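S.K.: The structure that follows is given in the form of structure tokens.
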Amino acid sequence: MGKTFTFIGLFLVLCLALLLAVVAGDYGPWYFAWMVGTVMIVLIAACGAIMLDNQRQNGNGEV
Amino acid sequence: MPLIDPSVVDLSRLQFALTALYHFLFVPLTLGMTFLLAAMETVYVITGRQIYKEMTQFWGKLFAINFAIGVATGLTMEFEFGTNWSMYSHFVGDVFGTPLAIEGLMAFFMESTFIGLMFFGWDRLSRPGHLAVTWLTALGSNLSALWILIANGFMQSPKGASFNPDTMRLEFNSFLNLVFSEDAQAKFVHTSIAGFVTGALFVMGISAFYILRKQHREFAARSFRMAALFGVISSLAVVTLGDALGRLDYLVQPTKIAAVEGLWQDSDANGPAGAAAWLLFALPDQQAQANHFEIGVPYVLDPLIAHSFNTSIPGLITLEKQVGPRIQSGIQALDALKAYGQTHDPQALASFKAHESDMGYGFLAQRYAPNQDLGQITPANQDAVLAQAEKDTLPNVFVTFWSFRLMMALGFFFVGLFSFAAYYSLKNQLERHPFLLKLCVWSIPLPILACEFGWITAEAGRQPWSVFGWLPTFQAASSHNLGYMIFSLIGFAVLYSAFIAAELYLMFKYARLGPQPHLTGAPESSPSPMFAPAE
């Protein structure tokens, strides 16, 4: 039951994101670019940290 | 109506420039740090590793110091519009006040509420709940900037408003046009991403300091890696977005772009279209309307500004000459408006409507009209009045030219610095390059300087207008006396300098201390990743 609600919640968030993307893409392409770009920048920075963790696990202790 | 004392106008401008530039010493760091904190906490929530929580909390502490002082310096500016720029507030308050109010009511309260939850909610919220709060803090701080930049976008390129001759004000006709104005959009994205660069270099610089001193190695290596990657994309984005903003300014404020490039003659004046040089160095001379000691790169200017090899970019001399008919038309608009105000004659209103779009240019002539009365301009003295008013339509070329170049040079420097930093961080070879690490430490204040130069370019380049094409700056101020202005200017300078001293003291103190074990409290009993790896 809990998972169903989680999926419904995530589905609603997805719908909202799509709606926002369509409106922002049409009327405010720069705003849309900022939203997509910012999330991308954050995720790439996060990936860099996780990559460092993996490098450490593989025995590279250098900084 | 008599004109306001020019010394009072100059002091009002100086005071606003001083308070805005002081305020903007703090803002970019807030804009960038919040999303870096969101990135660090995202990794903490996904991996469950305690070190990322320590990173979020330590960098969050430095962010908090900056945020508190940034808020204090920003509040006074909103009041300044009323105290020092009352004519401006009357003229555009209907439009300008709305984004400021939304900023205060929505974004600022959202930001403040979530910052409180972010700092005091570590033990009260679930991990995903706290992560959501951190993301909302980042969004709130950038939304706060969004509304301010929408307001500034209106000053640069007025959209969504029309002049009401009965109330003598610019009034709203489209909220959507105001919010989705291209200038507002481009300014917001450019400014926000410039904040990302500032936040990234701040974290990278302090992490480099720890690596050089061989302190908190694992903490610093991860912070440095994240900041370097965050910064390399942000710095590339800020340069490309700056180019797009420049092209937009070329379309709406050609005088600003000509001043930015020190372009006195049309770009095809000395050769074929597309061959004009982009100036690396020059000393613009406003009186002589020429540059001294020019050093330029040919075939770069036209494609850089107009994104075309076949377009001639008008120079400042041409733009100055072109504005004459608009000033004449503006004088007719103001004469008709005066007649309509006295008689409400529909014919006068029709005459005003025919010249309405040039009304602001008529104001420029008032300064040079006999007894500052446009009604006393006659065919005999008109040419002299126009010649003087035309010269006023050009911004200060030296200031605009050099502030832009310094900003741009710093922007390219950041691309290079972040690229090397990210490369050596990804290869885990940072300690083999101490000079790079030292450069990162020394460069911490540079993005803030670049932001300041950017604002100087944007605002000095917009002159002589407070609202481009509608309201000259010299008519926007309040009619204070000189003593009041000098007293308040000194007061602000002393107070804000004290704020900066406090910020620097606290920043140095806590950055030198580094991450403390007490920040994190007892280690979590069973830190587990949010998404467990498959067996």
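The way I read the labels, and the way they are meant: chains A, B, ... in the order of the structure tokens, residue 1 as the first residue of every chain, and ligand 1 as the first ligand shown, with later ones counted on from there.
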Please produce, as a Markdown table, a per-residue contact table for stretch 197-242 of chain B versus stretch 36-49 of chain A (criterion: any atom at most 7 Å away, only C-alpha atoms considered), showing the nearest atom pair and its distance in Å to one decimal, sorted by chain then residue number.
M.R.:
| residue | atom | partner | partner_atom | distance |
| --- | --- | --- | --- | --- |
| B:Arg222 | CA | A:Ala49 | CA | 5.7 |
| B:Arg225 | CA | A:Gly48 | CA | 6.2 |
| B:Met226 | CA | A:Ala45 | CA | 4.5 |
| B:Ala227 | CA | A:Ala45 | CA | 6.9 |
| B:Leu229 | CA | A:Ala45 | CA | 5.2 |
| B:Phe230 | CA | A:Ala45 | CA | 5.2 |
| B:Ile233 | CA | A:Ile41 | CA | 6.6 |
S.K.: Please, which residues in chain B fall within 9 Å of chain A when counting only C-alpha atoms, and what is the closest atom pair and distance in Å to one decimal for each, ordered by chain then residue number, as JSON lines?
M.R.:
{"residue": "B:Phe35", "atom": "CA", "partner": "A:Val42", "partner_atom": "CA", "distance": 6.9}
{"residue": "B:Leu36", "atom": "CA", "partner": "A:Val42", "partner_atom": "CA", "distance": 6.9}
{"residue": "B:Ala38", "atom": "CA", "partner": "A:Val42", "partner_atom": "CA", "distance": 7.6}
{"residue": "B:Ala39", "atom": "CA", "partner": "A:Val42", "partner_atom": "CA", "distance": 5.2}
{"residue": "B:Met40", "atom": "CA", "partner": "A:Ala46", "partner_atom": "CA", "distance": 6.7}
{"residue": "B:Thr42", "atom": "CA", "partner": "A:Ala46", "partner_atom": "CA", "distance": 7.2}
{"residue": "B:Val43", "atom": "CA", "partner": "A:Ala46", "partner_atom": "CA", "distance": 5.8}
{"residue": "B:Thr47", "atom": "CA", "partner": "A:Ile50", "partner_atom": "CA", "distance": 8.2}
{"residue": "B:Leu176", "atom": "CA", "partner": "A:Tyr27", "partner_atom": "CA", "distance": 8.9}
{"residue": "B:Val179", "atom": "CA", "partner": "A:Gly28", "partner_atom": "CA", "distance": 8.7}
{"residue": "B:Phe180", "atom": "CA", "partner": "A:Gly28", "partner_atom": "CA", "distance": 5.7}
{"residue": "B:Ser181", "atom": "CA", "partner": "A:Gly28", "partner_atom": "CA", "distance": 8.3}
{"residue": "B:Glu182", "atom": "CA", "partner": "A:Gly28", "partner_atom": "CA", "distance": 7.9}
{"residue": "B:Gln185", "atom": "CA", "partner": "A:Trp30", "partner_atom": "CA", "distance": 5.6}
{"residue": "B:Ala186", "atom": "CA", "partner": "A:Trp30", "partner_atom": "CA", "distance": 6.3}
{"residue": "B:Phe188", "atom": "CA", "partner": "A:Tyr31", "partner_atom": "CA", "distance": 8.2}
{"residue": "B:Val189", "atom": "CA", "partner": "A:Trp34", "partner_atom": "CA", "distance": 6.1}
{"residue": "B:Ser192", "atom": "CA", "partner": "A:Trp34", "partner_atom": "CA", "distance": 8.7}
{"residue": "B:Ile193", "atom": "CA", "partner": "A:Thr38", "partner_atom": "CA", "distance": 8.3}
{"residue": "B:Ile211", "atom": "CA", "partner": "A:Val63", "partner_atom": "CA", "distance": 7.8}
{"residue": "B:Arg217", "atom": "CA", "partner": "A:Val63", "partner_atom": "CA", "distance": 7.3}
{"residue": "B:Glu218", "atom": "CA", "partner": "A:Val63", "partner_atom": "CA", "distance": 7.9}
{"residue": "B:Ala220", "atom": "CA", "partner": "A:Val63", "partner_atom": "CA", "distance": 8.8}
{"residue": "B:Ala221", "atom": "CA", "partner": "A:Val63", "partner_atom": "CA", "distance": 6.0}
{"residue": "B:Arg222", "atom": "CA", "partner": "A:Ala49", "partner_atom": "CA", "distance": 5.7}
{"residue": "B:Ser223", "atom": "CA", "partner": "A:Ala49", "partner_atom": "CA", "distance": 8.0}
{"residue": "B:Arg225", "atom": "CA", "partner": "A:Gly48", "partner_atom": "CA", "distance": 6.2}
{"residue": "B:Met226", "atom": "CA", "partner": "A:Ala45", "partner_atom": "CA", "distance": 4.5}
{"residue": "B:Ala227", "atom": "CA", "partner": "A:Ala45", "partner_atom": "CA", "distance": 6.9}
{"residue": "B:Ala228", "atom": "CA", "partner": "A:Ala45", "partner_atom": "CA", "distance": 7.9}
{"residue": "B:Leu229", "atom": "CA", "partner": "A:Ala45", "partner_atom": "CA", "distance": 5.2}
{"residue": "B:Phe230", "atom": "CA", "partner": "A:Ala45", "partner_atom": "CA", "distance": 5.2}
{"residue": "B:Gly231", "atom": "CA", "partner": "A:Ile41", "partner_atom": "CA", "distance": 8.5}
{"residue": "B:Ile233", "atom": "CA", "partner": "A:Ile41", "partner_atom": "CA", "distance": 6.6}
{"residue": "B:Ser234", "atom": "CA", "partner": "A:Ile41", "partner_atom": "CA", "distance": 7.3}
{"residue": "B:Ala237", "atom": "CA", "partner": "A:Gly37", "partner_atom": "CA", "distance": 8.8}
{"residue": "B:Ser425", "atom": "CA", "partner": "A:Val63", "partner_atom": "CA", "distance": 7.3}
{"residue": "B:Leu426", "atom": "CA", "partner": "A:Leu52", "partner_atom": "CA", "distance": 7.7}
{"residue": "B:Lys427", "atom": "CA", "partner": "A:Val63", "partner_atom": "CA", "distance": 8.6}
{"residue": "B:Asn428", "atom": "CA", "partner": "A:Val63", "partner_atom": "CA", "distance": 4.8}
{"residue": "B:Gln429", "atom": "CA", "partner": "A:Val63", "partner_atom": "CA", "distance": 5.9}
{"residue": "B:Leu430", "atom": "CA", "partner": "A:Val63", "partner_atom": "CA", "distance": 5.7}
{"residue": "B:Glu431", "atom": "CA", "partner": "A:Val63", "partner_atom": "CA", "distance": 6.0}
{"residue": "B:Arg432", "atom": "CA", "partner": "A:Val63", "partner_atom": "CA", "distance": 8.7}
S.K.: What separation in Å, quoted to one decimal, exists between atom CA of B:His292 and atom CA of B:Gln253?
M.R.: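 A separation of 24.6 Å between them.
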S.K.: Name the residues of stretch 209-410 of chain B that fall into strand (DSSP E or B) according to DSSP on the backbone, using the chain letters and numbers of this document, as a ChimeraX atom specification.
M.R.: /B:278-285,290-297
S.K.: Using C-alpha atoms, can you export the residues from the last selection as a JSON list (two decimals), in the first residue's frame?
M.R.:
[["chain", "number", "residue", "atom", "x", "y", "z"],
["B", 278, "TRP", "CA", 37.57, 43.48, -31.11],
["B", 279, "LEU", "CA", 39.57, 45.65, -28.74],
["B", 280, "LEU", "CA", 41.75, 43.94, -26.17],
["B", 281, "PHE", "CA", 43.05, 47.27, -24.92],
["B", 282, "ALA", "CA", 42.13, 50.92, -25.46],
["B", 283, "LEU", "CA", 41.81, 54.14, -23.53],
["B", 284, "PRO", "CA", 38.43, 55.61, -24.56],
["B", 285, "ASP", "CA", 38.28, 59.42, -24.59],
["B", 290, "ALA", "CA", 37.92, 58.33, -29.97],
["B", 291, "ASN", "CA", 40.19, 55.71, -28.40],
["B", 292, "HIS", "CA", 43.90, 55.99, -27.65],
["B", 293, "PHE", "CA", 46.40, 53.10, -27.82],
["B", 294, "GLU", "CA", 44.04, 50.60, -29.42],
["B", 295, "ILE", "CA", 45.10, 46.94, -29.58],
["B", 296, "GLY", "CA", 42.53, 44.69, -31.21],
["B", 297, "VAL", "CA", 41.90, 41.38, -32.91]]
S.K.: Mind checking which residues fall within 9 Å of B:Thr393, counting only C-alpha atoms, ignoring those fewer than 5 positions away in the same chain, and posting them as an MDAnalysis selection string?
M.R.: chainID B and resid 255 319:320 323 361 364 463:465
S.K.: Could you name the residues that touch B:Arg326 at 8 Å or less, counting only C-alpha atoms, but leaving out those on the same chain fewer than 3 positions away, as an MDAnalysis selection string?
M.R.: chainID B and resid 322:323 329:330 358 361:362
S.K.: Would you save the residues from that selection as a PDB file, in the first residue's frame, using all heavy atoms?
M.R.:
ATOM      1  N   GLN B 322      21.524  59.728 -34.315  1.00  0.00           N
ATOM      2  CA  GLN B 322      20.194  59.157 -34.581  1.00  0.00           C
ATOM      3  C   GLN B 322      19.161  59.566 -33.548  1.00  0.00           C
ATOM      4  O   GLN B 322      17.960  59.512 -33.807  1.00  0.00           O
ATOM      5  CB  GLN B 322      20.280  57.618 -34.597  1.00  0.00           C
ATOM      6  CG  GLN B 322      20.857  57.053 -35.878  1.00  0.00           C
ATOM      7  CD  GLN B 322      21.052  55.552 -35.788  1.00  0.00           C
ATOM      8  OE1 GLN B 322      20.876  54.938 -34.738  1.00  0.00           O
ATOM      9  NE2 GLN B 322      21.418  54.953 -36.912  1.00  0.00           N
ATOM     10  N   VAL B 323      19.615  59.951 -32.360  1.00  0.00           N
ATOM     11  CA  VAL B 323      18.672  60.192 -31.271  1.00  0.00           C
ATOM     12  C   VAL B 323      18.011  61.579 -31.363  1.00  0.00           C
ATOM     13  O   VAL B 323      16.975  61.827 -30.728  1.00  0.00           O
ATOM     14  CB  VAL B 323      19.399  59.974 -29.911  1.00  0.00           C
ATOM     15  CG1 VAL B 323      20.117  61.217 -29.440  1.00  0.00           C
ATOM     16  CG2 VAL B 323      18.427  59.477 -28.873  1.00  0.00           C
ATOM     17  N   SER B 329      10.787  64.620 -30.956  1.00  0.00           N
ATOM     18  CA  SER B 329       9.479  63.984 -30.793  1.00  0.00           C
ATOM     19  C   SER B 329       9.088  63.938 -29.315  1.00  0.00           C
ATOM     20  O   SER B 329       7.928  64.145 -28.946  1.00  0.00           O
ATOM     21  CB  SER B 329       9.534  62.567 -31.387  1.00  0.00           C
ATOM     22  OG  SER B 329       8.394  61.854 -31.073  1.00  0.00           O
ATOM     23  N   GLY B 330      10.079  63.692 -28.446  1.00  0.00           N
ATOM     24  CA  GLY B 330       9.815  63.646 -27.002  1.00  0.00           C
ATOM     25  C   GLY B 330       9.380  65.003 -26.465  1.00  0.00           C
ATOM     26  O   GLY B 330       8.517  65.080 -25.575  1.00  0.00           O
ATOM     27  N   ASP B 358       8.537  58.312 -27.344  1.00  0.00           N
ATOM     28  CA  ASP B 358       9.757  59.127 -27.238  1.00  0.00           C
ATOM     29  C   ASP B 358       9.726  60.067 -26.034  1.00  0.00           C
ATOM     30  O   ASP B 358      10.612  60.917 -25.885  1.00  0.00           O
ATOM     31  CB  ASP B 358       9.943  59.960 -28.519  1.00  0.00           C
ATOM     32  CG  ASP B 358      10.165  59.081 -29.740  1.00  0.00           C
ATOM     33  OD1 ASP B 358      10.844  58.048 -29.604  1.00  0.00           O
ATOM     34  OD2 ASP B 358       9.636  59.419 -30.818  1.00  0.00           O
ATOM     35  N   TYR B 361      12.857  60.758 -24.003  1.00  0.00           N
ATOM     36  CA  TYR B 361      13.904  61.545 -24.676  1.00  0.00           C
ATOM     37  C   TYR B 361      13.633  63.044 -24.539  1.00  0.00           C
ATOM     38  O   TYR B 361      14.559  63.850 -24.533  1.00  0.00           O
ATOM     39  CB  TYR B 361      14.009  61.130 -26.146  1.00  0.00           C
ATOM     40  CG  TYR B 361      14.586  59.750 -26.303  1.00  0.00           C
ATOM     41  CD1 TYR B 361      13.762  58.625 -26.240  1.00  0.00           C
ATOM     42  CD2 TYR B 361      15.952  59.561 -26.450  1.00  0.00           C
ATOM     43  CE1 TYR B 361      14.291  57.347 -26.353  1.00  0.00           C
ATOM     44  CE2 TYR B 361      16.489  58.288 -26.566  1.00  0.00           C
ATOM     45  CZ  TYR B 361      15.654  57.181 -26.512  1.00  0.00           C
ATOM     46  OH  TYR B 361      16.184  55.925 -26.610  1.00  0.00           O
ATOM     47  N   GLY B 362      12.332  63.379 -24.391  1.00  0.00           N
ATOM     48  CA  GLY B 362      11.984  64.784 -24.158  1.00  0.00           C
ATOM     49  C   GLY B 362      12.513  65.268 -22.814  1.00  0.00           C
ATOM     50  O   GLY B 362      12.983  66.406 -22.681  1.00  0.00           O
TER      51      GLY B 362
END
